[in-house]
Each structure stands twice: as structure tokens, then as C-alpha cells.
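Data file: data.cif. Format and content: mmCIF, N, CA and C atoms.
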data_target
#
loop_
_atom_site.label_atom_id
_atom_site.label_comp_id
_atom_site.auth_asym_id
_atom_site.auth_seq_id
_atom_site.Cartn_x
_atom_site.Cartn_y
_atom_site.Cartn_z
N MET D 1 76.88 109.48 96.73
CA MET D 1 78.09 108.67 96.66
C MET D 1 79.11 109.21 97.66
N CYS D 2 79.87 108.33 98.28
CA CYS D 2 80.84 108.71 99.31
C CYS D 2 82.22 108.83 98.70
N GLU D 3 82.98 109.74 99.24
CA GLU D 3 84.37 109.93 98.84
C GLU D 3 85.25 108.93 99.58
N ASP D 4 86.45 108.67 99.06
CA ASP D 4 87.39 107.77 99.72
C ASP D 4 87.71 108.22 101.13
N THR D 5 87.74 109.53 101.34
CA THR D 5 88.08 110.05 102.66
C THR D 5 86.98 109.81 103.68
N ASP D 6 85.76 109.51 103.22
CA ASP D 6 84.66 109.22 104.14
C ASP D 6 84.88 107.87 104.82
N PHE D 7 85.55 106.95 104.13
CA PHE D 7 85.82 105.61 104.65
C PHE D 7 87.30 105.32 104.47
N PRO D 8 88.14 105.84 105.38
CA PRO D 8 89.58 105.69 105.18
C PRO D 8 90.09 104.28 105.42
N PHE D 9 89.32 103.43 106.11
CA PHE D 9 89.80 102.08 106.39
C PHE D 9 89.33 101.12 105.30
N MET D 10 90.28 100.32 104.82
CA MET D 10 90.01 99.39 103.72
C MET D 10 90.25 97.96 104.17
N THR D 11 89.50 97.05 103.59
CA THR D 11 89.71 95.62 103.84
C THR D 11 91.00 95.17 103.13
N ILE D 12 91.38 93.95 103.37
CA ILE D 12 92.56 93.39 102.69
C ILE D 12 92.34 93.40 101.18
N ASP D 13 91.17 92.98 100.74
CA ASP D 13 90.89 92.94 99.30
C ASP D 13 90.90 94.33 98.68
N GLU D 14 90.35 95.31 99.37
CA GLU D 14 90.35 96.68 98.85
C GLU D 14 91.77 97.24 98.78
N THR D 15 92.56 96.92 99.79
CA THR D 15 93.95 97.38 99.81
C THR D 15 94.74 96.73 98.69
N ALA D 16 94.54 95.44 98.49
CA ALA D 16 95.24 94.74 97.41
C ALA D 16 94.86 95.34 96.06
N GLU D 17 93.60 95.67 95.89
CA GLU D 17 93.15 96.28 94.64
C GLU D 17 93.79 97.66 94.45
N LEU D 18 93.83 98.46 95.50
CA LEU D 18 94.46 99.78 95.42
C LEU D 18 95.92 99.66 95.02
N MET D 19 96.62 98.71 95.62
CA MET D 19 98.05 98.54 95.36
C MET D 19 98.32 97.72 94.10
N ARG D 20 97.27 97.13 93.54
CA ARG D 20 97.37 96.28 92.35
C ARG D 20 98.30 95.09 92.59
N VAL D 21 98.09 94.45 93.74
CA VAL D 21 98.82 93.23 94.09
C VAL D 21 97.80 92.17 94.48
N ASN D 22 98.25 90.97 94.56
CA ASN D 22 97.41 89.87 95.00
C ASN D 22 97.20 89.96 96.50
N ARG D 23 96.05 89.55 96.96
CA ARG D 23 95.77 89.54 98.40
C ARG D 23 96.85 88.76 99.16
N ARG D 24 97.31 87.69 98.57
CA ARG D 24 98.34 86.85 99.21
C ARG D 24 99.63 87.64 99.45
N THR D 25 99.93 88.58 98.59
CA THR D 25 101.11 89.42 98.77
C THR D 25 100.99 90.21 100.07
N LEU D 26 99.82 90.77 100.33
CA LEU D 26 99.61 91.50 101.59
C LEU D 26 99.70 90.56 102.78
N ASP D 27 99.13 89.37 102.63
CA ASP D 27 99.21 88.37 103.71
C ASP D 27 100.67 88.07 104.04
N ASN D 28 101.48 87.88 103.01
CA ASN D 28 102.91 87.60 103.21
C ASN D 28 103.62 88.78 103.86
N HIS D 29 103.32 89.98 103.43
CA HIS D 29 103.92 91.16 104.04
C HIS D 29 103.55 91.25 105.53
N ARG D 30 102.31 90.99 105.85
CA ARG D 30 101.88 91.04 107.26
C ARG D 30 102.62 90.00 108.07
N TRP D 31 102.73 88.80 107.55
CA TRP D 31 103.39 87.71 108.26
C TRP D 31 104.86 88.04 108.51
N ARG D 32 105.51 88.68 107.51
CA ARG D 32 106.93 89.02 107.63
C ARG D 32 107.16 90.34 108.37
N GLY D 33 106.10 91.13 108.53
CA GLY D 33 106.25 92.43 109.17
C GLY D 33 106.89 93.47 108.26
N THR D 34 106.75 93.29 106.95
CA THR D 34 107.40 94.18 105.99
C THR D 34 106.43 95.07 105.23
N GLY D 35 105.15 94.90 105.45
CA GLY D 35 104.16 95.63 104.66
C GLY D 35 103.67 96.90 105.30
N PRO D 36 102.64 97.47 104.70
CA PRO D 36 102.07 98.69 105.26
C PRO D 36 101.44 98.41 106.62
N PRO D 37 101.34 99.44 107.47
CA PRO D 37 100.72 99.25 108.78
C PRO D 37 99.27 98.80 108.64
N TYR D 38 98.86 97.92 109.53
CA TYR D 38 97.47 97.46 109.53
C TYR D 38 96.95 97.50 110.96
N ARG D 39 95.65 97.36 111.08
CA ARG D 39 95.01 97.37 112.40
C ARG D 39 93.97 96.27 112.43
N ARG D 40 93.58 95.93 113.62
CA ARG D 40 92.48 94.98 113.80
C ARG D 40 91.29 95.74 114.38
N HIS D 41 90.22 95.71 113.66
CA HIS D 41 88.96 96.27 114.14
C HIS D 41 88.05 95.08 114.37
N GLY D 42 87.88 94.74 115.65
CA GLY D 42 87.19 93.49 115.95
C GLY D 42 88.10 92.37 115.49
N GLY D 43 87.60 91.44 114.73
CA GLY D 43 88.43 90.37 114.21
C GLY D 43 88.91 90.64 112.80
N ARG D 44 88.61 91.81 112.26
CA ARG D 44 88.92 92.12 110.87
C ARG D 44 90.20 92.95 110.77
N ILE D 45 91.03 92.61 109.80
CA ILE D 45 92.24 93.37 109.52
C ILE D 45 91.87 94.47 108.54
N VAL D 46 92.28 95.69 108.85
CA VAL D 46 92.02 96.82 107.95
C VAL D 46 93.29 97.65 107.80
N TYR D 47 93.33 98.37 106.71
CA TYR D 47 94.43 99.26 106.40
C TYR D 47 93.87 100.67 106.24
N HIS D 48 94.62 101.66 106.73
CA HIS D 48 94.22 103.05 106.53
C HIS D 48 94.80 103.51 105.20
N ARG D 49 93.96 104.04 104.35
CA ARG D 49 94.35 104.43 102.99
C ARG D 49 95.60 105.32 102.99
N ASP D 50 95.63 106.35 103.82
CA ASP D 50 96.78 107.27 103.83
C ASP D 50 98.08 106.57 104.22
N GLU D 51 98.00 105.63 105.17
CA GLU D 51 99.19 104.90 105.60
C GLU D 51 99.70 103.97 104.51
N VAL D 52 98.78 103.37 103.77
CA VAL D 52 99.17 102.49 102.65
C VAL D 52 99.88 103.30 101.58
N LEU D 53 99.31 104.45 101.23
CA LEU D 53 99.93 105.29 100.20
C LEU D 53 101.29 105.81 100.65
N LYS D 54 101.41 106.17 101.92
CA LYS D 54 102.70 106.64 102.46
C LYS D 54 103.73 105.51 102.42
N TRP D 55 103.33 104.31 102.83
CA TRP D 55 104.23 103.16 102.82
C TRP D 55 104.69 102.88 101.38
N SER D 56 103.76 102.93 100.45
CA SER D 56 104.08 102.67 99.05
C SER D 56 105.09 103.69 98.53
N GLU D 57 104.89 104.95 98.86
CA GLU D 57 105.80 106.01 98.42
C GLU D 57 107.21 105.79 98.99
N GLN D 58 107.29 105.35 100.24
CA GLN D 58 108.58 105.12 100.88
C GLN D 58 109.31 103.91 100.31
N HIS D 59 108.59 103.03 99.63
CA HIS D 59 109.21 101.80 99.12
C HIS D 59 109.34 101.79 97.60
N ARG D 60 109.24 102.94 97.00
CA ARG D 60 109.44 102.97 95.55
C ARG D 60 110.93 103.00 95.26
N PRO D 61 111.33 102.41 94.15
CA PRO D 61 112.76 102.35 93.82
C PRO D 61 113.32 103.75 93.58
N HIS D 62 114.54 103.95 94.02
CA HIS D 62 115.23 105.22 93.77
C HIS D 62 116.06 105.08 92.49
N PRO D 63 116.04 106.07 91.65
CA PRO D 63 116.85 105.99 90.43
C PRO D 63 118.34 105.98 90.77
N HIS D 64 119.07 105.27 89.98
CA HIS D 64 120.53 105.23 90.17
C HIS D 64 121.14 106.52 89.64
N PRO D 65 122.14 107.06 90.34
CA PRO D 65 122.80 108.27 89.82
C PRO D 65 123.55 107.96 88.53
N PRO D 66 123.66 108.93 87.63
CA PRO D 66 124.39 108.68 86.38
C PRO D 66 125.87 108.42 86.66
N ARG D 67 126.46 107.60 85.82
CA ARG D 67 127.87 107.26 85.99
C ARG D 67 128.76 108.15 85.20
#
Output the file's structure in the form of C-alpha cells.
Amino acid sequence: MCEDTDFPFMTIDETAELMRVNRRTLDNHRWRGTGPPYRRHGGRIVYHRDEVLKWSEQHRPHPHPPR
């Protein structure tokens, strides 16, 4: 069995599953230029696992300071 690090590039469907979002959400992010970085390998769009996780971490909500 292979580890995730053996295949760092994921398809759109694999990325959507990792992020627990609909594939269409990633499509919309790509169209708007607001999503995680992606690449084209041949005619296929792929995402690098580490870049997706980094993007996700950078876009998590920050807690509000106490009043």
C-alpha cells in the first residue's frame, strides 16, 4: 500500500473529498481565483496535497478577541 506522500498530486474529486466539499465548490474557487493552488498536468487539473492543506490552514476563521 502507498502512503499519501508517494502520490502528492490529487485529482479534483480527491481534493474535494479531502476538503469535504463538493467538487463544484473547487470549480467555483478555480474560476474566481480564490481557491488552493492547482496545476495542469497534461489536460488534467491536479492539486498538491501540501498546498491544499496550507491554503486551508490560512483560510480558517480567526477567533474574535474577548470583549
(message) Suppose a student applies the PyMOL selection byres ((chain D and resi 36) around 7) to this structure; what residues should they get, written as a ChimeraX atom specification?
(response) /D:29-30,33-35,37-38,51-52,55-56
How about saving the chosen residues, N, CA and C atoms kept, as a short mmCIF file (atom, residue, chain, number, x, y, z; two decimals), in the frame of the given file?
data_model
loop_
_atom_site.label_atom_id
_atom_site.label_comp_id
_atom_site.auth_asym_id
_atom_site.auth_seq_id
_atom_site.Cartn_x
_atom_site.Cartn_y
_atom_site.Cartn_z
N HIS D 29 103.32 89.98 103.43
CA HIS D 29 103.92 91.16 104.04
C HIS D 29 103.55 91.25 105.53
N ARG D 30 102.31 90.99 105.85
CA ARG D 30 101.88 91.04 107.26
C ARG D 30 102.62 90.00 108.07
N GLY D 33 106.10 91.13 108.53
CA GLY D 33 106.25 92.43 109.17
C GLY D 33 106.89 93.47 108.26
N THR D 34 106.75 93.29 106.95
CA THR D 34 107.40 94.18 105.99
C THR D 34 106.43 95.07 105.23
N GLY D 35 105.15 94.90 105.45
CA GLY D 35 104.16 95.63 104.66
C GLY D 35 103.67 96.90 105.30
N PRO D 37 101.34 99.44 107.47
CA PRO D 37 100.72 99.25 108.78
C PRO D 37 99.27 98.80 108.64
N TYR D 38 98.86 97.92 109.53
CA TYR D 38 97.47 97.46 109.53
C TYR D 38 96.95 97.50 110.96
N GLU D 51 98.00 105.63 105.17
CA GLU D 51 99.19 104.90 105.60
C GLU D 51 99.70 103.97 104.51
N VAL D 52 98.78 103.37 103.77
CA VAL D 52 99.17 102.49 102.65
C VAL D 52 99.88 103.30 101.58
N TRP D 55 103.33 104.31 102.83
CA TRP D 55 104.23 103.16 102.82
C TRP D 55 104.69 102.88 101.38
N SER D 56 103.76 102.93 100.45
CA SER D 56 104.08 102.67 99.05
C SER D 56 105.09 103.69 98.53
#
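Nearest residue to Glu57 of chain D, choosing from D:Leu26, D:Ile12, D:Ile45, D:Met19 and counting only C-alpha atoms: D:Met19.
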(request) Name every residue that the PyMOL selection byres (((chain D and resi 48 and name CA) around 6) and name CA) selects in this structure, writing the answer as a list of chain:residue names with chains first and numbers rising. (result)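 Selected by the PyMOL selection byres (((chain D and resi 48 and name CA) around 6) and name CA) here: D:Pro8, D:Phe9, D:Tyr47, D:Arg49, D:Asp50, D:Glu51.
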Keeping only N, CA and C atoms, write the selected residues to a file as a PDB file, in the coordinates of the input.
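Contents of the output file selection_15.pdb:
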ATOM      1  N   PRO D   8      88.140 105.840 105.380  1.00  0.00           N
ATOM      2  CA  PRO D   8      89.580 105.690 105.180  1.00  0.00           C
ATOM      3  C   PRO D   8      90.090 104.280 105.420  1.00  0.00           C
ATOM      4  N   PHE D   9      89.320 103.430 106.110  1.00  0.00           N
ATOM      5  CA  PHE D   9      89.800 102.080 106.390  1.00  0.00           C
ATOM      6  C   PHE D   9      89.330 101.120 105.300  1.00  0.00           C
ATOM      7  N   TYR D  47      93.330  98.370 106.710  1.00  0.00           N
ATOM      8  CA  TYR D  47      94.430  99.260 106.400  1.00  0.00           C
ATOM      9  C   TYR D  47      93.870 100.670 106.240  1.00  0.00           C
ATOM     10  N   ARG D  49      93.960 104.040 104.350  1.00  0.00           N
ATOM     11  CA  ARG D  49      94.350 104.430 102.990  1.00  0.00           C
ATOM     12  C   ARG D  49      95.600 105.320 102.990  1.00  0.00           C
ATOM     13  N   ASP D  50      95.630 106.350 103.820  1.00  0.00           N
ATOM     14  CA  ASP D  50      96.780 107.270 103.830  1.00  0.00           C
ATOM     15  C   ASP D  50      98.080 106.570 104.220  1.00  0.00           C
ATOM     16  N   GLU D  51      98.000 105.630 105.170  1.00  0.00           N
ATOM     17  CA  GLU D  51      99.190 104.900 105.600  1.00  0.00           C
ATOM     18  C   GLU D  51      99.700 103.970 104.510  1.00  0.00           C
TER      19      GLU D  51
END
(request) as a VMD selection string, please: all residues of chain D that backbone DSSP puts in strand (DSSP E). (result) chain D and resid 9 to 10 39 to 41 44 to 48
(request) Could you please determine the separation between atom CA of Thr15 of chain D and atom CA of Asp27 of chain D in Å, to one decimal place? (result) 11.1 Å
(request) List every residue of chain D that DSSP, applied to the backbone of this structure, assigns to helix (DSSP H, G or I), and report them as a VMD selection string. (result) chain D and resid 4 to 6 12 to 19 23 to 32 49 to 58
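The two atoms in question, atom CA of His41 of chain D and atom CA of His59 of chain D, are spaced 25.8 Å apart.
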(request) May I ask for the distance between atom CA of Phe7 of chain D and atom C of Gln58 of chain D, given in Å to one decimal place? (result)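 We find that atom CA of Phe7 of chain D and atom C of Gln58 of chain D lie 23.9 Å from each other.
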